[in-house]
Amino acid sequence: MNEEINIIVCIKQVPDPEGPPSAFQVDSKEMWVIPKGIPPVLSPFDENALESALHIKDTNKNVRITAISMGKKLARAVVIKALAVGADEIILLEDKNFDPKRLDCYSVAYVLATAIKKIGKYDLILLGRQAADWNFGQVGSGIAEIFEIPSITLAQNVKLEDGNVMVERVLPDGYEVIRVSMPVLITVSHEVGDLRYPSMHDIKKSKNKPITTWNIRDLGIELPQGHINLLKLFVPKQEKTCHFVEGESLEEAGANLALKLKEDKII
Amino acid sequence: MVEQKGVLVCAEVTDQGRISPITLELLGIGRKLADDLGSKLSAVIMGSEIGNIAEELIFFGADNVYLVDNPLLKEYQTDPYVTALQRLSKYVTPDIIVIGQTSIGQDLAPRLAFRLKTRLTTDCINLDIDPETKLLFQTKPVYGGNVLAVYACETKPQMATVRARAMSPSGRDDSRRGKVIPFDSKIDASLLKTEVVKRVKEEAKGVKLEDADIVVSGGRGIGGPDGFKQIDDLAKLLGGAVGASRPPCDMGWVSSTCQVGLTGKIVAPNLYIAISISGTSQHFAGMLGSKNIVAINKDPEANIFKVADIGIIGDYRKVLPAFIENLRKIAAHGSE
Ligand SMILES: Cc1cc2nc3c(=O)[nH]c(=O)nc-3n(C[C@H](O)[C@H](O)[C@H](O)COP(=O)(O)OP(=O)(O)OC[C@H]3O[C@@H](n4cnc5c(N)ncnc54)[C@H](O)[C@@H]3O)c2cc1C
Ligand SMILES: Nc1ncnc2c1ncn2[C@@H]1O[C@H](COP(=O)(O)O)[C@@H](O)[C@H]1O
């Protein structure tokens, strides 16, 4: 078992999904969401996927992690975090054609799969369960279909055992343990735990790690024609008027809440 | 070119061998779409030894039920399920396929869409037939629910997964007539690329979160497992279930099966009590369908008050004991 194990992790840059609701404004002319005053971050589930890859690297020999990120323009500071925490290499797929407005999941899966093919070696492909901006949850399954390899979604734990991969998959009332051989594609859920913080030493060391940039010509592809049309985009109205229950003290307010629920026949 | 017509919904079977609640919601929306198109509603049910429940799908609105009964389909696994459904869709050639946004649906639908070379909109909360184009308009929350997007797709079949509790379930009518059609998916064991070693299920103590009429949820502001004991007491007293926002689950104060929200459970009880939960869009995704929402939070500006019907501003540690005590009094009084 001295062969190298190649892990690919797909990481997407998204506007901080925990930003306040007022940050997500719709530009109706552009038909797009223009986040106001929030920074780009790595999509949280992709951070979980990266953590999962790092855990495998911690516990096995000869593991190489390559991160891939695609976008029209990627903030270096955001994607380079992958190298600081321990990925060996990052490939940035940057091109004006990689405009999220013009790509559906089908095209994203196609571009990422093409890049993975160009890298050449893959045993384990890890993605987030869904990107935290548009929440599609499809790209992983798409790449698995393109490669005709098995996929396991919603993983809460991934480890190598006797040359196989053991995956714990989240179920609504527990989890299941699945054994699968490589190559395999796995989408990761937040239960695996948060991405580690890089130490100063790691950050310094990462300065020498390779960053490769490929555009659409380097990949030698054309984008598939989009077939899904975004027709409308709007901010939902959800304001209600809240009836506040009060009292001389908070204790009294609590007691009054019980009365109120009874009066309104809610309980 | 094959004509694509009708609507196909993908039924789900529970561990107890019953039709799952989301299936009734799928049949509800499927019936409406089929009627709007003037076409048929088909349902597919996959599993092993499930023949006895196939007919029920007719009582709940299906015109045709395709029964895919095979020992390989006893429990969900990606490859046999995707292949069986792919073969059935090639045979039925539906115009629309609707699947639940469940643990199974999230896994199955995207692979199927790619294999059928069509597109899919996941996690829809509304589906409509556009009267002019007859296309399926699919409404999906994006950016955690801060924004809604409406999509239409040019390729057939048009595919959507729908969020639990977003559609009204169809009612049972035993006088409905339809056909149960066995379908041989011709799958064999060579398809199995994965092996399920075991399934670990947590027994729900008391009422199941998804089925509860009352849900009491705690958030990060509860501060630790001790605080959740009070949440638990309150839920028990009300005959309800315990829920949580994500942080208490991540920190292990409660089981992760309690998480309510975009990536947790979707609940729509008669009463939802949110305690020390700030009210992010990702949490709203799991509970906005609740009939009555009560919020207790010490921050008067907390977003949760924007969706609450009744609120108390203050420290839950002060509010909750008195609330619980008075509920007990009222209950004792009511039963006199
Ligand atoms: C892609 C994605 C998916 C997600 N999915 C989910 C999901 O499914 N479900 C989910 O819940 N979250 C989800 N999240 C996380 C979500 O964005 C928030 O981080 C989370 O909902 C916040 O939980 P909270 O309200 O408990 O915590 P906080 O936002 O920290 O709020 C704590 C609240 O407690 C109040 N408080 C503190 N002390 C007291 C006290 N003593 N008495 C009264 N009030 C007090 C505070 O005023 C505050 O409002 C997701 C995030 C992402 C990015
Ligand atoms: N532009 C991108 N660059 C890198 N990875 C991506 C990109 N888009 C999607 N992914 C990966 O695919 C996963 C699922 O995305 P989605 O299907 O869009 O929700 C994400 O969590 C990422 O791991």
# chains A, B, ... in the order shown; residues from 1 in each chain; ligands from 1
call {"tool": "residues_around", "arguments": {"residues": "Glu4 (chain A)", "least_positions_apart": "6", "cutoff": "9 Å", "atoms": "only C-alpha atoms", "output": "ChimeraX atom specification"}}
result
/A:61-64
call {"tool": "write_last_selection", "arguments": {"atoms": "N, CA and C atoms", "output": "PDB file, in the first residue's frame"}}
result
ATOM      1  N   LYS A  61      -0.735   7.317   4.970  1.00  0.00           N
ATOM      2  CA  LYS A  61       0.500   7.741   4.293  1.00  0.00           C
ATOM      3  C   LYS A  61       0.218   8.025   2.829  1.00  0.00           C
ATOM      4  N   ASN A  62       1.080   8.825   2.223  1.00  0.00           N
ATOM      5  CA  ASN A  62       1.037   9.019   0.772  1.00  0.00           C
ATOM      6  C   ASN A  62      -0.279   9.558   0.250  1.00  0.00           C
ATOM      7  N   VAL A  63      -0.804  10.543   0.931  1.00  0.00           N
ATOM      8  CA  VAL A  63      -2.047  11.149   0.449  1.00  0.00           C
ATOM      9  C   VAL A  63      -1.713  12.522  -0.124  1.00  0.00           C
ATOM     10  N   ARG A  64      -2.221  12.781  -1.305  1.00  0.00           N
ATOM     11  CA  ARG A  64      -2.005  14.076  -1.935  1.00  0.00           C
ATOM     12  C   ARG A  64      -3.353  14.742  -2.172  1.00  0.00           C
TER      13      ARG A  64
END
call {"tool": "residues_near_ligand", "arguments": {"ligand": "ligand 2", "cutoff": "8 Å", "atoms": "only C-alpha atoms and all ligand atoms", "output": "ChimeraX atom specification"}}
result
/A:9-13,43,45-46,49,68-71,93,98,100,105,108-109,112,126-140,187
call {"tool": "write_last_selection", "arguments": {"atoms": "C-alpha atoms", "output": "PDB file, in the first residue's frame"}}
result
ATOM      1  CA  VAL A   9     -11.590  18.607  -3.282  1.00  0.00           C
ATOM      2  CA  CYS A  10     -13.878  21.017  -5.133  1.00  0.00           C
ATOM      3  CA  ILE A  11     -14.240  24.299  -3.306  1.00  0.00           C
ATOM      4  CA  LYS A  12     -16.502  27.152  -4.311  1.00  0.00           C
ATOM      5  CA  GLN A  13     -16.229  30.780  -3.347  1.00  0.00           C
ATOM      6  CA  SER A  43     -18.695  27.616   0.928  1.00  0.00           C
ATOM      7  CA  PHE A  45     -19.742  22.519   3.259  1.00  0.00           C
ATOM      8  CA  ASP A  46     -16.685  22.707   0.987  1.00  0.00           C
ATOM      9  CA  ALA A  49     -15.061  18.453   2.577  1.00  0.00           C
ATOM     10  CA  ILE A  68     -10.020  22.974  -7.436  1.00  0.00           C
ATOM     11  CA  SER A  69     -12.024  26.148  -7.559  1.00  0.00           C
ATOM     12  CA  MET A  70     -13.841  27.617 -10.526  1.00  0.00           C
ATOM     13  CA  GLY A  71     -15.141  31.111 -11.080  1.00  0.00           C
ATOM     14  CA  LEU A  93     -10.306  27.546 -13.164  1.00  0.00           C
ATOM     15  CA  PHE A  98     -17.154  30.791 -16.037  1.00  0.00           C
ATOM     16  CA  PRO A 100     -22.279  31.740 -12.704  1.00  0.00           C
ATOM     17  CA  CYS A 105     -25.128  22.593 -12.644  1.00  0.00           C
ATOM     18  CA  VAL A 108     -20.295  23.291 -13.749  1.00  0.00           C
ATOM     19  CA  ALA A 109     -20.029  19.513 -13.405  1.00  0.00           C
ATOM     20  CA  LEU A 112     -14.910  20.463 -13.083  1.00  0.00           C
ATOM     21  CA  LEU A 126     -14.808  15.265  -2.305  1.00  0.00           C
ATOM     22  CA  LEU A 127     -17.353  18.058  -2.622  1.00  0.00           C
ATOM     23  CA  GLY A 128     -19.717  19.932  -0.364  1.00  0.00           C
ATOM     24  CA  ARG A 129     -23.251  18.544  -0.082  1.00  0.00           C
ATOM     25  CA  GLN A 130     -24.505  21.784  -1.625  1.00  0.00           C
ATOM     26  CA  ALA A 131     -23.068  25.197  -2.368  1.00  0.00           C
ATOM     27  CA  ALA A 132     -24.258  27.683   0.254  1.00  0.00           C
ATOM     28  CA  ASP A 133     -25.303  30.311  -2.307  1.00  0.00           C
ATOM     29  CA  TRP A 134     -27.698  28.592  -4.724  1.00  0.00           C
ATOM     30  CA  ASN A 135     -28.114  25.373  -2.714  1.00  0.00           C
ATOM     31  CA  PHE A 136     -28.471  23.092  -5.740  1.00  0.00           C
ATOM     32  CA  GLY A 137     -26.739  20.000  -4.388  1.00  0.00           C
ATOM     33  CA  GLN A 138     -26.221  18.487  -7.837  1.00  0.00           C
ATOM     34  CA  VAL A 139     -22.704  19.076  -9.089  1.00  0.00           C
ATOM     35  CA  GLY A 140     -21.226  16.121  -7.195  1.00  0.00           C
ATOM     36  CA  THR A 187     -20.377  14.868  -0.894  1.00  0.00           C
TER      37      THR A 187
END
call {"tool": "residues_near_ligand", "arguments": {"ligand": "ligand 1", "cutoff": "8 Å", "atoms": "only C-alpha atoms and all ligand atoms", "output": "PyMOL selection string"}}
result
(chain A and resi 16-18+43-45+130-133+135) or (chain B and resi 144+218-223+244-248+259-265+275-286+296-300+302-304+313-317)
call {"tool": "closest_atom_pairs", "arguments": {"of": "region 146-172 of chain A", "to": "region 189-193 of chain B", "cutoff": "12 Å", "atoms": "only C-alpha atoms", "output": "Markdown table"}}
result
| residue | atom | partner | partner_atom | distance |
| --- | --- | --- | --- | --- |
| A:Glu148 | CA | B:Lys193 | CA | 10.8 |
| A:Ile149 | CA | B:Lys193 | CA | 8.5 |
| A:Pro150 | CA | B:Lys193 | CA | 6.3 |
| A:Ser151 | CA | B:Lys193 | CA | 9.1 |
| A:Ile152 | CA | B:Lys193 | CA | 10.4 |
| A:Asn164 | CA | B:Lys193 | CA | 11.9 |
| A:Val165 | CA | B:Lys193 | CA | 12.0 |
call {"tool": "write_last_selection", "arguments": {"atoms": "N, CA, C and O atoms", "output": "CSV table (one decimal), in the first residue's frame"}}
result
chain,number,residue,atom,x,y,z
A,148,GLU,N,-18.8,8.0,-14.5
A,148,GLU,CA,-19.4,6.6,-14.2
A,148,GLU,C,-18.8,5.9,-13.0
A,148,GLU,O,-18.4,4.8,-13.1
A,149,ILE,N,-18.7,6.7,-11.9
A,149,ILE,CA,-18.2,6.1,-10.7
A,149,ILE,C,-19.3,6.2,-9.6
A,149,ILE,O,-20.2,7.0,-9.8
A,150,PRO,N,-19.2,5.4,-8.6
A,150,PRO,CA,-20.2,5.5,-7.5
A,150,PRO,C,-20.1,6.9,-6.8
A,150,PRO,O,-19.0,7.5,-6.7
A,151,SER,N,-21.2,7.3,-6.3
A,151,SER,CA,-21.2,8.5,-5.4
A,151,SER,C,-22.0,8.2,-4.1
A,151,SER,O,-22.9,7.4,-4.1
A,152,ILE,N,-21.5,8.8,-3.1
A,152,ILE,CA,-22.2,8.8,-1.8
A,152,ILE,C,-22.4,10.2,-1.3
A,152,ILE,O,-21.4,11.0,-1.3
A,164,ASN,N,-10.3,0.2,1.1
A,164,ASN,CA,-11.6,0.7,0.7
A,164,ASN,C,-11.9,2.0,1.4
A,164,ASN,O,-11.2,2.5,2.3
A,165,VAL,N,-13.0,2.6,1.0
A,165,VAL,CA,-13.5,3.8,1.7
A,165,VAL,C,-14.7,3.4,2.5
A,165,VAL,O,-15.6,2.8,2.0
call {"tool": "residues_around", "arguments": {"residues": "Lys229 (chain B)", "least_positions_apart": "4", "cutoff": "12 Å", "atoms": "only C-alpha atoms", "output": "JSON, numbers by chain"}}
result
{"B": [216, 217, 218, 222, 223, 224, 225, 233, 234, 235, 236, 242, 253, 254, 317, 320, 321]}
call {"tool": "write_last_selection", "arguments": {"atoms": "all heavy atoms", "output": "CSV table (one decimal), in the first residue's frame"}}
result
chain,number,residue,atom,x,y,z
B,216,VAL,N,-40.6,22.5,20.5
B,216,VAL,CA,-39.9,23.4,21.3
B,216,VAL,C,-38.5,23.4,20.9
B,216,VAL,O,-37.8,22.4,21.1
B,216,VAL,CB,-40.1,23.1,22.8
B,216,VAL,CG1,-39.5,24.3,23.6
B,216,VAL,CG2,-41.5,22.9,23.1
B,217,SER,N,-38.0,24.5,20.3
B,217,SER,CA,-36.6,24.5,19.8
B,217,SER,C,-35.7,25.4,20.6
B,217,SER,O,-36.1,26.5,20.9
B,217,SER,CB,-36.6,24.9,18.3
B,217,SER,OG,-36.9,23.8,17.5
B,218,GLY,N,-34.5,25.0,20.8
B,218,GLY,CA,-33.5,25.9,21.5
B,218,GLY,C,-32.4,26.2,20.5
B,218,GLY,O,-32.0,25.5,19.6
B,222,ILE,N,-29.1,29.1,24.4
B,222,ILE,CA,-29.4,28.2,25.5
B,222,ILE,C,-28.2,28.0,26.3
B,222,ILE,O,-28.2,27.8,27.6
B,222,ILE,CB,-30.0,26.9,25.0
B,222,ILE,CG1,-31.3,27.1,24.3
B,222,ILE,CG2,-30.1,25.9,26.1
B,222,ILE,CD1,-32.4,27.6,25.2
B,223,GLY,N,-27.0,28.0,25.7
B,223,GLY,CA,-25.7,28.0,26.4
B,223,GLY,C,-25.1,26.6,26.8
B,223,GLY,O,-24.0,26.6,27.2
B,224,GLY,N,-25.9,25.6,26.7
B,224,GLY,CA,-25.3,24.3,27.0
B,224,GLY,C,-26.3,23.2,27.2
B,224,GLY,O,-27.5,23.5,27.2
B,225,PRO,N,-25.9,22.0,27.5
B,225,PRO,CA,-26.8,20.8,27.7
B,225,PRO,C,-27.8,21.0,28.8
B,225,PRO,O,-28.9,20.6,28.8
B,225,PRO,CB,-25.9,19.6,27.9
B,225,PRO,CG,-24.5,20.1,28.0
B,225,PRO,CD,-24.5,21.5,27.6
B,233,ASP,N,-38.1,19.4,29.2
B,233,ASP,CA,-39.2,19.4,30.2
B,233,ASP,C,-40.5,20.1,29.5
B,233,ASP,O,-41.6,19.6,29.6
B,233,ASP,CB,-38.9,20.3,31.4
B,233,ASP,CG,-38.0,19.5,32.3
B,233,ASP,OD1,-37.8,18.3,32.1
B,233,ASP,OD2,-37.4,20.1,33.3
B,234,LEU,N,-40.2,21.2,28.9
B,234,LEU,CA,-41.3,22.0,28.3
B,234,LEU,C,-42.0,21.1,27.2
B,234,LEU,O,-43.2,21.1,27.1
B,234,LEU,CB,-40.8,23.3,27.8
B,234,LEU,CG,-41.8,24.2,27.0
B,234,LEU,CD1,-43.0,24.5,27.9
B,234,LEU,CD2,-41.1,25.5,26.6
B,235,ALA,N,-41.1,20.5,26.3
B,235,ALA,CA,-41.6,19.7,25.2
B,235,ALA,C,-42.5,18.6,25.8
B,235,ALA,O,-43.6,18.3,25.3
B,235,ALA,CB,-40.5,19.2,24.4
B,236,LYS,N,-42.0,17.9,26.8
B,236,LYS,CA,-42.7,16.8,27.4
B,236,LYS,C,-44.1,17.3,28.0
B,236,LYS,O,-45.1,16.6,27.7
B,236,LYS,CB,-41.9,16.2,28.6
B,236,LYS,CG,-40.9,15.2,28.1
B,236,LYS,CD,-40.6,14.1,29.2
B,236,LYS,CE,-39.4,13.3,28.9
B,236,LYS,NZ,-38.2,14.0,29.4
B,242,VAL,N,-38.6,18.0,20.8
B,242,VAL,CA,-37.5,18.9,21.0
B,242,VAL,C,-36.8,19.2,19.6
B,242,VAL,O,-36.5,18.2,18.9
B,242,VAL,CB,-36.4,18.4,22.0
B,242,VAL,CG1,-35.2,19.3,22.0
B,242,VAL,CG2,-37.0,18.3,23.3
B,253,TRP,N,-24.9,19.5,22.3
B,253,TRP,CA,-25.9,19.7,23.4
B,253,TRP,C,-27.1,18.8,23.2
B,253,TRP,O,-27.7,18.4,24.2
B,253,TRP,CB,-26.3,21.1,23.5
B,253,TRP,CG,-25.2,22.1,23.7
B,253,TRP,CD1,-23.9,21.8,24.0
B,253,TRP,CD2,-25.3,23.5,23.5
B,253,TRP,NE1,-23.2,23.0,24.1
B,253,TRP,CE2,-24.0,24.1,23.8
B,253,TRP,CE3,-26.3,24.4,23.2
B,253,TRP,CZ2,-23.7,25.4,23.7
B,253,TRP,CZ3,-26.0,25.8,23.1
B,253,TRP,CH2,-24.7,26.3,23.3
B,254,VAL,N,-27.5,18.6,21.9
B,254,VAL,CA,-28.6,17.7,21.6
B,254,VAL,C,-28.2,16.9,20.4
B,254,VAL,O,-27.2,17.2,19.7
B,254,VAL,CB,-29.9,18.5,21.2
B,254,VAL,CG1,-30.6,19.1,22.4
B,254,VAL,CG2,-29.6,19.5,20.1
B,317,ARG,N,-33.8,32.2,30.8
B,317,ARG,CA,-33.6,31.6,32.1
B,317,ARG,C,-34.6,32.1,33.1
B,317,ARG,O,-35.0,31.5,34.1
B,317,ARG,CB,-32.2,31.8,32.7
B,317,ARG,CG,-31.2,31.1,31.9
B,317,ARG,CD,-29.8,31.3,32.5
B,317,ARG,NE,-28.8,30.7,31.7
B,317,ARG,CZ,-28.1,31.3,30.7
B,317,ARG,NH1,-28.4,32.5,30.4
B,317,ARG,NH2,-27.2,30.6,30.0
B,320,LEU,N,-38.6,31.1,31.2
B,320,LEU,CA,-39.0,29.7,31.0
B,320,LEU,C,-39.6,29.1,32.3
B,320,LEU,O,-40.7,28.4,32.2
B,320,LEU,CB,-37.9,28.9,30.4
B,320,LEU,CG,-38.3,27.9,29.4
B,320,LEU,CD1,-39.2,28.5,28.3
B,320,LEU,CD2,-37.0,27.3,28.7
B,321,PRO,N,-38.9,29.2,33.4
B,321,PRO,CA,-39.5,28.5,34.6
B,321,PRO,C,-40.9,28.9,35.0
B,321,PRO,O,-41.8,28.1,35.2
B,321,PRO,CB,-38.5,28.8,35.7
B,321,PRO,CG,-37.2,29.2,35.0
B,321,PRO,CD,-37.6,29.8,33.7
call {"tool": "residues_around", "arguments": {"residues": "Ala77 (chain A)", "least_positions_apart": "3", "cutoff": "10 Å", "atoms": "only C-alpha atoms", "output": "VMD selection string"}}
result
chain A and resid 40 to 41 74 80 to 82
call {"tool": "write_last_selection", "arguments": {"atoms": "N, CA, C and O atoms", "output": "compact mmCIF listing (two decimals), in the first residue's frame"}}
result
# COMPACT_ATOMS: atom_id res chain seq x y z
N PRO A 40 -16.50 37.52 0.39
CA PRO A 40 -16.56 36.15 -0.12
C PRO A 40 -15.85 35.20 0.85
O PRO A 40 -14.89 35.58 1.50
N VAL A 41 -16.38 33.99 0.95
CA VAL A 41 -15.76 32.96 1.80
C VAL A 41 -15.80 31.64 1.04
O VAL A 41 -16.44 31.55 -0.01
N LEU A 74 -11.63 34.80 -8.96
CA LEU A 74 -11.55 34.23 -7.62
C LEU A 74 -10.68 35.10 -6.72
O LEU A 74 -9.60 35.54 -7.13
N ILE A 80 -6.86 30.47 -1.31
CA ILE A 80 -5.54 30.03 -0.89
C ILE A 80 -5.53 29.46 0.52
O ILE A 80 -4.64 28.72 0.93
N LYS A 81 -6.61 29.74 1.24
CA LYS A 81 -6.78 29.13 2.56
C LYS A 81 -6.63 27.61 2.48
O LYS A 81 -6.10 26.97 3.39
N ALA A 82 -7.06 27.04 1.34
CA ALA A 82 -6.96 25.59 1.16
C ALA A 82 -5.51 25.11 1.30
O ALA A 82 -5.24 24.07 1.89
call {"tool": "residues_around", "arguments": {"residues": "Lys232 (chain A)", "least_positions_apart": "4", "cutoff": "8 Å", "atoms": "only C-alpha atoms", "output": "number ranges by chain"}}
result
A: 31; B: 149-151
call {"tool": "write_last_selection", "arguments": {"atoms": "all heavy atoms", "output": "tab-separated table (two decimals), in the first residue's frame"}}
result
chain	number	residue	atom	x	y	z
A	31	MET	N	-30.84	40.60	-13.11
A	31	MET	CA	-31.41	39.32	-12.69
A	31	MET	C	-30.37	38.50	-11.92
A	31	MET	O	-30.08	37.36	-12.25
A	31	MET	CB	-31.86	38.52	-13.91
A	31	MET	CG	-33.31	38.71	-14.21
A	31	MET	SD	-34.36	37.66	-13.23
A	31	MET	CE	-34.48	36.28	-14.35
B	149	ALA	N	-36.08	32.07	-6.43
B	149	ALA	CA	-35.80	32.02	-7.87
B	149	ALA	C	-36.85	31.16	-8.55
B	149	ALA	O	-37.28	30.16	-8.00
B	149	ALA	CB	-34.41	31.43	-8.09
B	150	VAL	N	-37.28	31.58	-9.74
B	150	VAL	CA	-38.22	30.78	-10.52
B	150	VAL	C	-37.50	30.31	-11.79
B	150	VAL	O	-36.94	31.12	-12.53
B	150	VAL	CB	-39.48	31.58	-10.90
B	150	VAL	CG1	-40.46	30.70	-11.68
B	150	VAL	CG2	-40.14	32.16	-9.66
B	151	TYR	N	-37.52	28.99	-11.99
B	151	TYR	CA	-36.83	28.41	-13.14
B	151	TYR	C	-37.82	27.71	-14.07
B	151	TYR	O	-38.88	27.23	-13.64
B	151	TYR	CB	-35.85	27.33	-12.68
B	151	TYR	CG	-34.61	27.85	-12.00
B	151	TYR	CD1	-34.51	27.85	-10.61
B	151	TYR	CD2	-33.53	28.31	-12.75
B	151	TYR	CE1	-33.37	28.31	-9.98
B	151	TYR	CE2	-32.38	28.76	-12.12
B	151	TYR	CZ	-32.30	28.76	-10.75
B	151	TYR	OH	-31.16	29.22	-10.13
call {"tool": "residues_around", "arguments": {"residues": "Pro269 (chain B)", "least_positions_apart": "2", "cutoff": "9 Å", "atoms": "only C-alpha atoms", "output": "number ranges by chain"}}
result
B: 210-215, 267, 271-272, 287, 289-292
call {"tool": "closest_residue", "arguments": {"among": "A:Ile203, A:Ile125, A:Ile221, A:Ile146", "to": "chain B", "atoms": "only C-alpha atoms"}}
result
A:Ile146
call {"tool": "select_by_dssp", "arguments": {"residues": "region 204-317 of chain B", "states": "strand (DSSP E)", "output": "VMD selection string"}}
result
chain B and resid 214 to 218 241 to 244 271 to 275 292 to 297 310 to 313
call {"tool": "write_last_selection", "arguments": {"atoms": "N, CA, C and O atoms", "output": "short mmCIF file (atom, residue, chain, number, x, y, z; two decimals), in the first residue's frame"}}
result
data_model
loop_
_atom_site.label_atom_id
_atom_site.label_comp_id
_atom_site.auth_asym_id
_atom_site.auth_seq_id
_atom_site.Cartn_x
_atom_site.Cartn_y
_atom_site.Cartn_z
N ILE B 214 -46.52 20.07 18.35
CA ILE B 214 -45.84 21.18 19.03
C ILE B 214 -44.34 20.90 19.03
O ILE B 214 -43.91 19.79 19.35
N VAL B 215 -43.55 21.90 18.64
CA VAL B 215 -42.10 21.74 18.65
C VAL B 215 -41.50 22.85 19.51
O VAL B 215 -41.83 24.02 19.35
N VAL B 216 -40.64 22.47 20.45
CA VAL B 216 -39.93 23.45 21.27
C VAL B 216 -38.46 23.39 20.88
O VAL B 216 -37.81 22.37 21.07
N SER B 217 -37.95 24.49 20.32
CA SER B 217 -36.58 24.47 19.82
C SER B 217 -35.70 25.45 20.58
O SER B 217 -36.13 26.55 20.92
N GLY B 218 -34.47 25.04 20.81
CA GLY B 218 -33.50 25.91 21.46
C GLY B 218 -32.36 26.24 20.51
O GLY B 218 -32.04 25.46 19.61
N ALA B 241 -42.20 17.79 20.66
CA ALA B 241 -40.85 17.27 20.41
C ALA B 241 -39.82 18.38 20.57
O ALA B 241 -40.14 19.56 20.44
N VAL B 242 -38.58 17.98 20.83
CA VAL B 242 -37.48 18.94 20.96
C VAL B 242 -36.83 19.17 19.60
O VAL B 242 -36.52 18.22 18.89
N GLY B 243 -36.64 20.45 19.27
CA GLY B 243 -35.90 20.81 18.07
C GLY B 243 -34.73 21.69 18.46
O GLY B 243 -34.53 22.00 19.62
N ALA B 244 -33.95 22.09 17.46
CA ALA B 244 -32.81 22.96 17.74
C ALA B 244 -32.37 23.65 16.46
O ALA B 244 -32.64 23.16 15.35
N LEU B 271 -47.77 24.60 16.75
CA LEU B 271 -47.06 25.58 17.58
C LEU B 271 -45.56 25.32 17.54
O LEU B 271 -45.12 24.20 17.81
N TYR B 272 -44.80 26.36 17.21
CA TYR B 272 -43.34 26.27 17.21
C TYR B 272 -42.81 27.31 18.19
O TYR B 272 -43.08 28.50 18.06
N ILE B 273 -42.11 26.85 19.22
CA ILE B 273 -41.55 27.79 20.20
C ILE B 273 -40.04 27.85 19.99
O ILE B 273 -39.34 26.85 20.15
N ALA B 274 -39.55 29.04 19.61
CA ALA B 274 -38.12 29.22 19.34
C ALA B 274 -37.49 29.97 20.49
O ALA B 274 -37.83 31.13 20.74
N ILE B 275 -36.59 29.32 21.19
CA ILE B 275 -35.99 29.93 22.37
C ILE B 275 -34.50 30.16 22.13
O ILE B 275 -33.77 29.23 21.80
N ASN B 292 -48.41 28.62 14.38
CA ASN B 292 -48.19 29.67 15.38
C ASN B 292 -46.73 29.63 15.81
O ASN B 292 -46.23 28.58 16.21
N ILE B 293 -46.08 30.79 15.75
CA ILE B 293 -44.67 30.83 16.13
C ILE B 293 -44.50 31.73 17.36
O ILE B 293 -44.96 32.88 17.37
N VAL B 294 -43.89 31.18 18.40
CA VAL B 294 -43.60 31.94 19.61
C VAL B 294 -42.09 32.07 19.71
O VAL B 294 -41.37 31.08 19.52
N ALA B 295 -41.61 33.27 20.02
CA ALA B 295 -40.16 33.46 20.14
C ALA B 295 -39.82 34.06 21.49
O ALA B 295 -40.49 34.97 21.96
N ILE B 296 -38.79 33.50 22.10
CA ILE B 296 -38.25 34.08 23.33
C ILE B 296 -36.79 34.40 23.06
O ILE B 296 -36.00 33.51 22.73
N ASN B 297 -36.45 35.69 23.16
CA ASN B 297 -35.08 36.10 22.83
C ASN B 297 -34.76 37.38 23.58
O ASN B 297 -35.61 38.25 23.72
N ILE B 310 -46.13 35.59 18.46
CA ILE B 310 -46.10 36.00 19.85
C ILE B 310 -44.65 36.00 20.31
O ILE B 310 -43.89 35.08 19.97
N GLY B 311 -44.26 37.02 21.07
CA GLY B 311 -42.86 37.08 21.49
C GLY B 311 -42.69 37.56 22.91
O GLY B 311 -43.56 38.23 23.48
N ILE B 312 -41.58 37.17 23.50
CA ILE B 312 -41.17 37.76 24.77
C ILE B 312 -39.71 38.18 24.62
O ILE B 312 -38.88 37.38 24.18
N ILE B 313 -39.44 39.44 25.01
CA ILE B 313 -38.06 39.91 24.97
C ILE B 313 -37.46 39.72 26.36
O ILE B 313 -37.94 40.32 27.33
#
call {"tool": "select_by_dssp", "arguments": {"residues": "region 297-333 of chain B", "states": "helix (DSSP H, G or I)", "output": "VMD selection string"}}
result
chain B and resid 303 to 306 316 to 333
call {"tool": "residues_around", "arguments": {"residues": "region 198-202 of chain A", "least_positions_apart": "6", "cutoff": "9 Å", "atoms": "only C-alpha atoms", "output": "ChimeraX atom specification"}}
result
/A:81,83-86
call {"tool": "closest_residue", "arguments": {"among": "B:Met159, B:Leu136, B:Val180, B:Ala11", "to": "Asp63 (chain B)", "atoms": "only C-alpha atoms"}}
result
B:Val180
call {"tool": "atom_distance", "arguments": {"atom1": "CA of Lys57 (chain A)", "atom2": "CA of Thr114 (chain A)"}}
result
24.7 Å
